[in-house]
file protein-v1.cif (mmCIF, C-alpha atoms and all ligand atoms)
data_input
#
loop_
_atom_site.label_atom_id
_atom_site.label_comp_id
_atom_site.auth_asym_id
_atom_site.auth_seq_id
_atom_site.Cartn_x
_atom_site.Cartn_y
_atom_site.Cartn_z
CA MET A 288 0.00 0.00 0.00
CA PRO A 289 1.37 3.39 -0.88
CA GLY A 290 2.04 5.57 2.11
CA ASP A 291 0.78 9.05 2.50
CA LYS A 292 2.41 11.23 -0.07
CA SER A 293 1.67 14.80 -0.82
CA ARG A 294 -0.79 16.25 1.59
CA LYS A 295 -0.53 20.00 1.30
CA ILE A 296 -2.08 21.22 -1.90
CA ARG A 297 -5.32 19.47 -1.19
CA LEU A 298 -6.70 21.85 1.40
CA MET A 299 -5.99 24.87 -0.73
CA THR A 300 -7.53 23.20 -3.75
CA VAL A 301 -10.63 22.21 -1.86
CA LEU A 302 -11.04 25.62 -0.32
CA ALA A 303 -10.60 27.28 -3.67
CA LEU A 304 -13.11 24.95 -5.24
CA LEU A 305 -15.60 25.49 -2.48
CA ALA A 306 -15.23 29.20 -2.85
CA ALA A 307 -15.67 28.98 -6.59
CA ALA A 308 -18.61 26.64 -6.44
CA GLY A 309 -21.41 29.03 -5.83
CA CYS A 310 -23.48 26.77 -7.99
CA GLY A 311 -25.86 23.99 -7.31
CA ALA A 312 -28.80 24.75 -5.10
CA THR A 313 -32.02 24.86 -7.02
CA GLY A 314 -32.06 28.60 -7.14
CA LYS A 315 -35.10 30.30 -8.51
CA HIS A 316 -34.35 31.60 -11.91
CA GLY A 317 -35.62 34.86 -13.19
CA PRO A 318 -35.35 38.19 -11.53
CA GLY A 319 -37.24 38.33 -8.28
CA ALA A 320 -39.87 40.56 -9.82
CA ALA A 321 -39.50 43.89 -8.13
CA ALA A 322 -42.45 44.72 -6.01
CA GLU A 323 -44.92 46.79 -7.91
CA ALA A 324 -46.31 49.62 -5.98
CA SER A 325 -49.90 48.72 -6.51
CA PRO A 326 -51.88 50.09 -3.65
CA GLN A 327 -53.80 47.32 -2.02
CA VAL A 328 -56.69 47.31 0.30
CA GLY A 329 -55.87 46.10 3.74
CA GLY A 330 -52.11 45.95 3.05
CA THR A 331 -51.76 42.37 1.90
CA ALA A 332 -48.14 42.89 1.01
CA PRO A 333 -45.87 40.43 2.79
CA ALA A 334 -44.73 42.13 5.95
CA GLY A 335 -41.10 41.35 6.58
CA PRO A 336 -39.49 37.94 6.46
CA SER A 337 -41.87 35.23 7.49
CA ALA A 338 -40.55 32.37 9.55
CA SER A 339 -38.40 30.88 6.81
CA PRO A 340 -38.38 27.10 6.61
CA ALA A 341 -35.24 25.60 8.03
CA LYS A 342 -32.68 25.44 5.26
CA PRO A 343 -30.38 22.41 5.22
CA PRO A 344 -26.96 23.42 6.49
CA GLY A 345 -25.07 22.27 3.40
CA PRO A 346 -24.64 19.12 1.40
CA PRO A 347 -25.30 15.88 3.28
CA GLY A 348 -22.61 13.40 4.27
CA VAL A 349 -19.10 13.77 5.58
CA THR A 350 -16.51 15.66 3.56
CA PRO A 351 -12.80 14.88 3.40
CA GLY A 352 -10.24 16.40 5.70
CA PRO A 353 -7.08 18.02 4.35
CA GLY A 354 -4.78 15.49 2.72
CA GLU A 355 -7.19 12.66 3.37
CA VAL A 356 -7.87 11.72 -0.23
CA ARG A 357 -5.17 10.64 -2.64
CA ARG A 358 -5.31 12.20 -6.06
CA ILE A 359 -6.69 10.00 -8.81
CA PRO A 360 -4.37 10.49 -11.79
CA ARG A 361 -5.77 11.68 -15.09
CA PRO A 362 -5.42 8.93 -17.68
CA ALA A 363 -2.62 9.51 -20.18
CA ASP A 364 -5.12 9.46 -23.06
CA GLY A 365 -6.83 12.54 -21.65
CA LEU A 366 -10.21 10.80 -21.45
CA PRO A 367 -12.35 10.57 -18.30
CA PRO A 368 -11.03 8.03 -15.79
CA VAL A 369 -12.95 4.92 -14.72
CA ILE A 370 -13.31 4.86 -10.94
CA SER A 371 -14.83 2.29 -8.63
CA SER A 372 -13.76 3.55 -5.22
CA ILE A 373 -12.35 6.62 -3.53
CA PRO A 374 -8.71 6.47 -2.35
CA THR A 375 -9.04 7.23 1.35
CA ARG A 376 -8.18 5.40 4.56
CA ARG A 377 -11.08 6.90 6.47
CA LYS A 378 -13.97 4.56 7.18
CA VAL A 379 -16.32 6.20 4.76
CA VAL A 380 -18.49 4.70 2.01
CA PHE A 381 -20.64 6.18 -0.73
CA LEU A 382 -24.21 5.35 -1.67
CA THR A 383 -25.32 5.34 -5.29
CA ILE A 384 -28.70 4.32 -6.69
CA ASP A 385 -29.40 3.34 -10.26
CA ASP A 386 -32.11 3.46 -12.91
CA GLY A 387 -35.22 5.06 -11.36
CA TRP A 388 -38.10 2.67 -12.00
CA GLU A 389 -39.62 2.40 -8.55
CA GLN A 390 -40.38 5.86 -7.17
CA ASP A 391 -41.29 5.43 -3.52
CA PRO A 392 -41.95 8.81 -1.89
CA GLY A 393 -41.01 7.33 1.50
CA PHE A 394 -37.45 6.98 0.30
CA VAL A 395 -37.16 10.66 -0.56
CA ARG A 396 -38.54 11.61 2.87
CA GLN A 397 -35.94 9.39 4.48
CA VAL A 398 -33.11 10.93 2.47
CA ARG A 399 -34.29 14.43 3.30
CA GLN A 400 -35.02 13.92 6.99
CA GLU A 401 -31.91 11.93 7.78
CA ARG A 402 -29.71 13.95 5.43
CA ILE A 403 -28.31 10.85 3.79
CA PRO A 404 -25.93 11.55 0.91
CA ILE A 405 -26.86 9.73 -2.28
CA ALA A 406 -25.99 9.98 -5.93
CA ALA A 407 -28.80 8.83 -8.22
CA PHE A 408 -27.79 7.58 -11.67
CA VAL A 409 -30.97 7.85 -13.67
CA THR A 410 -32.02 6.31 -16.97
CA ARG A 411 -34.67 8.12 -18.99
CA ASP A 412 -36.70 5.01 -19.79
CA ALA A 413 -36.76 3.98 -16.13
CA VAL A 414 -37.74 7.41 -14.81
CA GLU A 415 -40.45 7.75 -17.43
CA ALA A 416 -41.47 4.06 -17.09
CA GLN A 417 -41.14 3.54 -20.85
CA GLY A 418 -41.03 0.07 -22.33
CA ALA A 419 -40.52 -3.09 -20.36
CA ALA A 420 -39.35 -2.56 -16.80
CA ASP A 421 -35.89 -3.77 -15.95
CA PRO A 422 -35.93 -6.90 -13.73
CA THR A 423 -34.40 -4.78 -10.96
CA ALA A 424 -37.67 -2.87 -10.76
CA GLN A 425 -39.55 -6.01 -9.78
CA GLY A 426 -42.91 -4.55 -10.67
CA GLY A 427 -43.30 -2.31 -7.67
CA ARG A 428 -46.15 -0.18 -6.48
CA TYR A 429 -44.55 3.12 -7.52
CA LEU A 430 -43.29 2.25 -10.98
CA GLY A 431 -42.77 5.59 -12.70
CA ALA A 432 -45.21 7.15 -10.23
CA GLY A 433 -43.72 10.64 -10.21
CA LYS A 434 -41.56 10.54 -13.30
CA TRP A 435 -39.19 13.56 -13.35
CA ASP A 436 -41.03 15.16 -10.42
CA TYR A 437 -39.67 12.30 -8.38
CA VAL A 438 -36.12 12.98 -9.56
CA ARG A 439 -36.53 16.67 -8.77
CA SER A 440 -37.81 15.82 -5.30
CA MET A 441 -34.70 13.69 -4.72
CA ARG A 442 -32.53 16.54 -5.82
CA GLU A 443 -34.32 18.91 -3.49
CA ALA A 444 -33.75 16.38 -0.71
CA GLY A 445 -29.99 16.74 -1.30
CA ALA A 446 -29.26 13.97 -3.81
CA THR A 447 -27.13 14.54 -6.88
CA VAL A 448 -28.53 13.35 -10.20
CA GLU A 449 -26.11 11.66 -12.57
CA ASN A 450 -26.10 10.04 -16.01
CA HIS A 451 -27.12 6.42 -16.62
CA THR A 452 -28.04 6.86 -20.33
CA LEU A 453 -31.39 7.16 -22.09
CA THR A 454 -32.29 3.52 -22.71
CA HIS A 455 -29.83 1.47 -20.61
CA PRO A 456 -28.02 -0.24 -23.50
CA ASP A 457 -24.88 -2.32 -23.45
CA LEU A 458 -22.79 0.64 -24.59
CA PRO A 459 -19.83 -1.23 -26.12
CA ALA A 460 -22.27 -2.89 -28.52
CA LEU A 461 -22.89 0.57 -30.01
CA GLY A 462 -20.55 2.59 -32.17
CA TYR A 463 -19.23 5.97 -31.13
CA GLU A 464 -22.21 7.92 -32.43
CA GLY A 465 -24.67 5.57 -30.75
CA GLN A 466 -22.89 5.85 -27.43
CA ARG A 467 -22.68 9.59 -27.75
CA ALA A 468 -26.41 9.88 -28.45
CA GLU A 469 -27.20 7.82 -25.33
CA ILE A 470 -24.89 9.78 -23.05
CA CYS A 471 -25.34 13.32 -24.42
CA GLY A 472 -29.10 12.76 -24.69
CA ALA A 473 -29.31 11.87 -21.01
CA THR A 474 -27.10 14.81 -20.05
CA ARG A 475 -29.34 17.28 -21.91
CA LEU A 476 -32.48 15.76 -20.47
CA ILE A 477 -31.22 15.81 -16.88
CA ARG A 478 -30.09 19.40 -17.28
CA ARG A 479 -33.49 20.36 -18.64
CA GLN A 480 -35.40 18.49 -15.96
CA THR A 481 -33.33 19.36 -12.89
CA GLY A 482 -31.50 22.54 -13.86
CA THR A 483 -28.09 20.92 -13.34
CA ALA A 484 -26.01 18.93 -15.80
CA PRO A 485 -24.58 15.63 -14.55
CA THR A 486 -20.80 15.13 -14.44
CA LEU A 487 -20.61 11.37 -13.86
CA LEU A 488 -21.57 8.49 -16.10
CA ARG A 489 -22.42 5.07 -14.83
CA PRO A 490 -22.38 2.79 -17.87
CA PRO A 491 -25.23 0.26 -17.72
CA PHE A 492 -24.01 -3.14 -16.39
CA GLY A 493 -20.65 -1.46 -15.83
CA ASN A 494 -19.80 -2.22 -19.46
CA HIS A 495 -17.61 0.27 -21.28
CA ASN A 496 -14.81 0.60 -23.80
CA THR A 497 -12.57 3.39 -25.01
CA LEU A 498 -15.34 4.79 -27.20
CA THR A 499 -17.52 5.05 -24.08
CA ARG A 500 -14.91 7.19 -22.39
CA ARG A 501 -14.49 9.28 -25.53
CA ALA A 502 -18.23 9.82 -25.88
CA ALA A 503 -18.56 10.50 -22.14
CA GLY A 504 -15.88 13.18 -22.38
CA ALA A 505 -17.61 14.75 -25.37
CA CYS A 506 -20.84 14.90 -23.34
CA GLY A 507 -19.21 16.71 -20.41
CA MET A 508 -18.72 13.70 -18.15
CA GLN A 509 -15.67 13.94 -15.91
CA ALA A 510 -15.52 10.27 -14.90
CA LEU A 511 -17.15 6.90 -15.27
CA LEU A 512 -18.16 5.68 -11.83
CA LEU A 513 -18.45 1.94 -11.22
CA TRP A 514 -18.85 0.32 -7.79
CA THR A 515 -17.22 -2.08 -5.34
CA ALA A 516 -20.32 -3.74 -3.83
CA THR A 517 -23.98 -4.11 -4.64
CA VAL A 518 -26.87 -4.03 -2.19
CA GLN A 519 -29.47 -6.76 -2.52
CA PRO A 520 -33.08 -6.81 -1.33
CA GLY A 521 -33.13 -6.94 2.45
CA GLY A 522 -30.10 -4.62 2.66
CA LYS A 523 -27.63 -7.47 2.16
CA ILE A 524 -24.28 -6.35 0.76
CA ALA A 525 -22.74 -8.41 -2.07
CA TYR A 526 -19.03 -7.65 -2.25
CA GLN A 527 -16.83 -7.70 -5.31
CA VAL A 528 -13.90 -8.65 -3.10
CA PRO A 529 -13.24 -12.06 -1.55
CA ASP A 530 -12.91 -11.00 2.09
CA LYS A 531 -16.49 -9.70 2.20
CA LYS A 532 -15.75 -6.60 4.18
CA LEU A 533 -16.57 -2.99 3.68
CA ARG A 534 -13.45 -1.05 2.86
CA PRO A 535 -12.71 2.66 3.18
CA GLY A 536 -13.83 4.46 0.03
CA ASP A 537 -16.20 1.73 -1.16
CA VAL A 538 -18.92 2.73 -3.59
CA LEU A 539 -22.16 0.82 -2.99
CA LEU A 540 -24.72 0.27 -5.71
CA LEU A 541 -28.46 0.04 -5.02
CA HIS A 542 -31.44 0.10 -7.35
CA PHE A 543 -34.79 1.85 -7.17
CA ARG A 544 -36.81 -1.22 -6.35
CA PRO A 545 -39.72 -2.08 -4.09
CA ASN A 546 -39.05 -1.91 -0.34
CA LEU A 547 -36.13 0.43 -0.97
CA SER A 548 -37.07 2.49 2.07
CA ARG A 549 -36.96 -0.51 4.42
CA ASP A 550 -33.86 -2.04 2.83
CA PHE A 551 -32.15 1.31 2.89
CA ARG A 552 -32.67 1.69 6.63
CA ILE A 553 -31.23 -1.78 7.25
CA LEU A 554 -28.26 -0.95 5.06
CA VAL A 555 -27.53 2.41 6.67
CA ASP A 556 -27.75 0.87 10.16
CA LYS A 557 -25.41 -1.91 9.12
CA ILE A 558 -22.87 0.53 7.68
CA ARG A 559 -22.89 2.61 10.85
CA ARG A 560 -22.66 -0.42 13.12
CA ARG A 561 -19.47 -1.33 11.31
CA GLY A 562 -18.07 2.06 12.16
CA PHE A 563 -18.37 3.59 8.70
CA GLU A 564 -19.70 7.02 7.83
CA LEU A 565 -21.57 8.05 4.70
CA GLY A 566 -19.55 10.35 2.50
CA ASN A 567 -20.45 13.17 0.18
CA LEU A 568 -19.35 11.80 -3.17
CA ASP A 569 -19.07 15.20 -4.84
CA ALA A 570 -16.71 16.52 -2.21
CA TYR A 571 -14.56 13.39 -2.31
CA LEU A 572 -14.32 13.39 -6.10
CA ARG A 573 -13.27 17.02 -6.04
CA ALA A 574 -10.65 16.27 -3.42
CA ALA A 575 -9.37 13.41 -5.59
CA GLY A 576 -9.00 15.87 -8.47
CA VAL A 577 -11.58 14.05 -10.59
CA THR A 578 -14.23 16.72 -10.82
CA ARG A 579 -14.00 20.44 -10.64
ZN ZN A 601 -28.79 0.28 -14.47
#
call {"tool": "encode", "arguments": {"input": "protein-v1.cif", "output": "structure tokens", "more": "lines below"}}
Ligand SMILES: [Zn+2]
result
Amino acid sequence: MPGDKSRKIRLMTVLALLAAAGCGATGKHGPGAAAEASPQVGGTAPAGPSASPAKPPGPPGVTPGPGEVRRIPRPADGLPPVISSIPTRRKVVFLTIDDGWEQDPGFVRQVRQERIPIAAFVTRDAVEAQGAADPTAQGGRYLGAGKWDYVRSMREAGATVENHTLTHPDLPALGYEGQRAEICGATRLIRRQTGTAPTLLRPPFGNHNTLTRRAAGACGMQALLLWTATVQPGGKIAYQVPDKKLRPGDVLLLHFRPNLSRDFRILVDKIRRRGFELGNLDAYLRAAGVTR
């Protein structure tokens, strides 16, 4: 295992990035229509600031300390890297959820109330419940129930929304143009529907080739994010590694399927019992130099 190497630049970089990142938050667009001085009977104009609803104190999940995260090198070919875990020794893992078929409102409430950091990799056909449902959807009660409203509600609950293509194809079976259409199409759609463009691609089934990375780069993706363990119904973790242990920096993959809310609680309890925290993926990827 490589020891700790350079630790200094990180803090400065992170601080600079944080300072520069005045983005995000679903800000209202449009000028806040200057109050028109229309005289009103009984003075119905809003009098002073009303008790504003409690704003969340920042993005959910733990963020890296200075020097905690090793830098992930840019590939020599200049294309987006393929990442499946975050290089840290802190006991922190990252939750990612794929597709978007089953849209249980209870899950969004849970994410919002408990401030659980998640990255949702959405597929258009799943969100819009088009065509035959993926087996991972298992024919749930909330199949496509809210469509993009559901995705927006997740985003408002603090989730990030990332790219999992339009139709969930096996990307390497497509040529460059086909892959580009799938990835860029999803990027444009997510931007239109949520107001924020994704920066990460999760290739369906984890399948990718060099053309995938090229197309991803052309569509503004800064990395392909795979995973180190999947979460099964009942909150059971299926590891990709033989020793069947959570490791620092692991990326866990779940799906929007029935009973997600219950399974999710079991999973989160299990992670915490093992002494792990839930990390903010965005902050960790920035610290690793992957995203800006
Ligand atoms: Zn998928």
call {"tool": "residues_around", "arguments": {"input": "protein-v1.cif", "residues": "segment 388-393 of chain A", "least_positions_apart": "2", "cutoff": "7 Å", "atoms": "all atoms listed in the file", "output": "VMD selection string"}}
result
chain A and resid 386 395 to 397 413 to 414 416 424 427 429 to 433 437 543 to 545 548
call {"tool": "write_last_selection", "arguments": {"input": "protein-v1.cif", "atoms": "C-alpha atoms", "output": "PDB file, keeping the file's coordinate frame"}}
result
ATOM      1  CA  ASP A 386     -32.110   3.460 -12.910  1.00  0.00           C
ATOM      2  CA  VAL A 395     -37.160  10.660  -0.560  1.00  0.00           C
ATOM      3  CA  ARG A 396     -38.540  11.610   2.870  1.00  0.00           C
ATOM      4  CA  GLN A 397     -35.940   9.390   4.480  1.00  0.00           C
ATOM      5  CA  ALA A 413     -36.760   3.980 -16.130  1.00  0.00           C
ATOM      6  CA  VAL A 414     -37.740   7.410 -14.810  1.00  0.00           C
ATOM      7  CA  ALA A 416     -41.470   4.060 -17.090  1.00  0.00           C
ATOM      8  CA  ALA A 424     -37.670  -2.870 -10.760  1.00  0.00           C
ATOM      9  CA  GLY A 427     -43.300  -2.310  -7.670  1.00  0.00           C
ATOM     10  CA  TYR A 429     -44.550   3.120  -7.520  1.00  0.00           C
ATOM     11  CA  LEU A 430     -43.290   2.250 -10.980  1.00  0.00           C
ATOM     12  CA  GLY A 431     -42.770   5.590 -12.700  1.00  0.00           C
ATOM     13  CA  ALA A 432     -45.210   7.150 -10.230  1.00  0.00           C
ATOM     14  CA  GLY A 433     -43.720  10.640 -10.210  1.00  0.00           C
ATOM     15  CA  TYR A 437     -39.670  12.300  -8.380  1.00  0.00           C
ATOM     16  CA  PHE A 543     -34.790   1.850  -7.170  1.00  0.00           C
ATOM     17  CA  ARG A 544     -36.810  -1.220  -6.350  1.00  0.00           C
ATOM     18  CA  PRO A 545     -39.720  -2.080  -4.090  1.00  0.00           C
ATOM     19  CA  SER A 548     -37.070   2.490   2.070  1.00  0.00           C
TER      20      SER A 548
END
call {"tool": "atom_distance", "arguments": {"input": "protein-v1.cif", "atom1": "atom CA of Phe551 of chain A", "atom2": "atom CA of Ala419 of chain A"}}
result
25.1 Å
call {"tool": "residues_around", "arguments": {"input": "protein-v1.cif", "residues": "Gly462 of chain A", "least_positions_apart": "3", "cutoff": "10 Å", "atoms": "all atoms listed in the file", "output": "ChimeraX atom specification"}}
result
/A:458-459,465-467,498-499,502
call {"tool": "closest_residue", "arguments": {"input": "protein-v1.cif", "among": "A:Gly576, A:Gly387, A:Gly507, A:Gly418", "to": "ligand ZN 601 (chain A)", "atoms": "only C-alpha atoms and all ligand atoms"}}
result
A:Gly387
call {"tool": "atom_distance", "arguments": {"input": "protein-v1.cif", "atom1": "atom CA of Leu382 of chain A", "atom2": "atom CA of His495 of chain A"}}
result
21.3 Å
call {"tool": "residues_near_ligand", "arguments": {"input": "protein-v1.cif", "ligand": "ligand ZN 601 (chain A)", "cutoff": "10 Å", "atoms": "all atoms listed in the file", "output": "list in words"}}
result
Ile384, Asp385, Asp386, Gly387, Trp388, Phe408, Val409, Thr410, Ala413, Asp421, Thr423, His451, Thr452, Thr454, His455, Pro456, Arg489, Pro490, Pro491, Phe492, Gly493, Leu540, Leu541, His542 and Phe543 of chain A
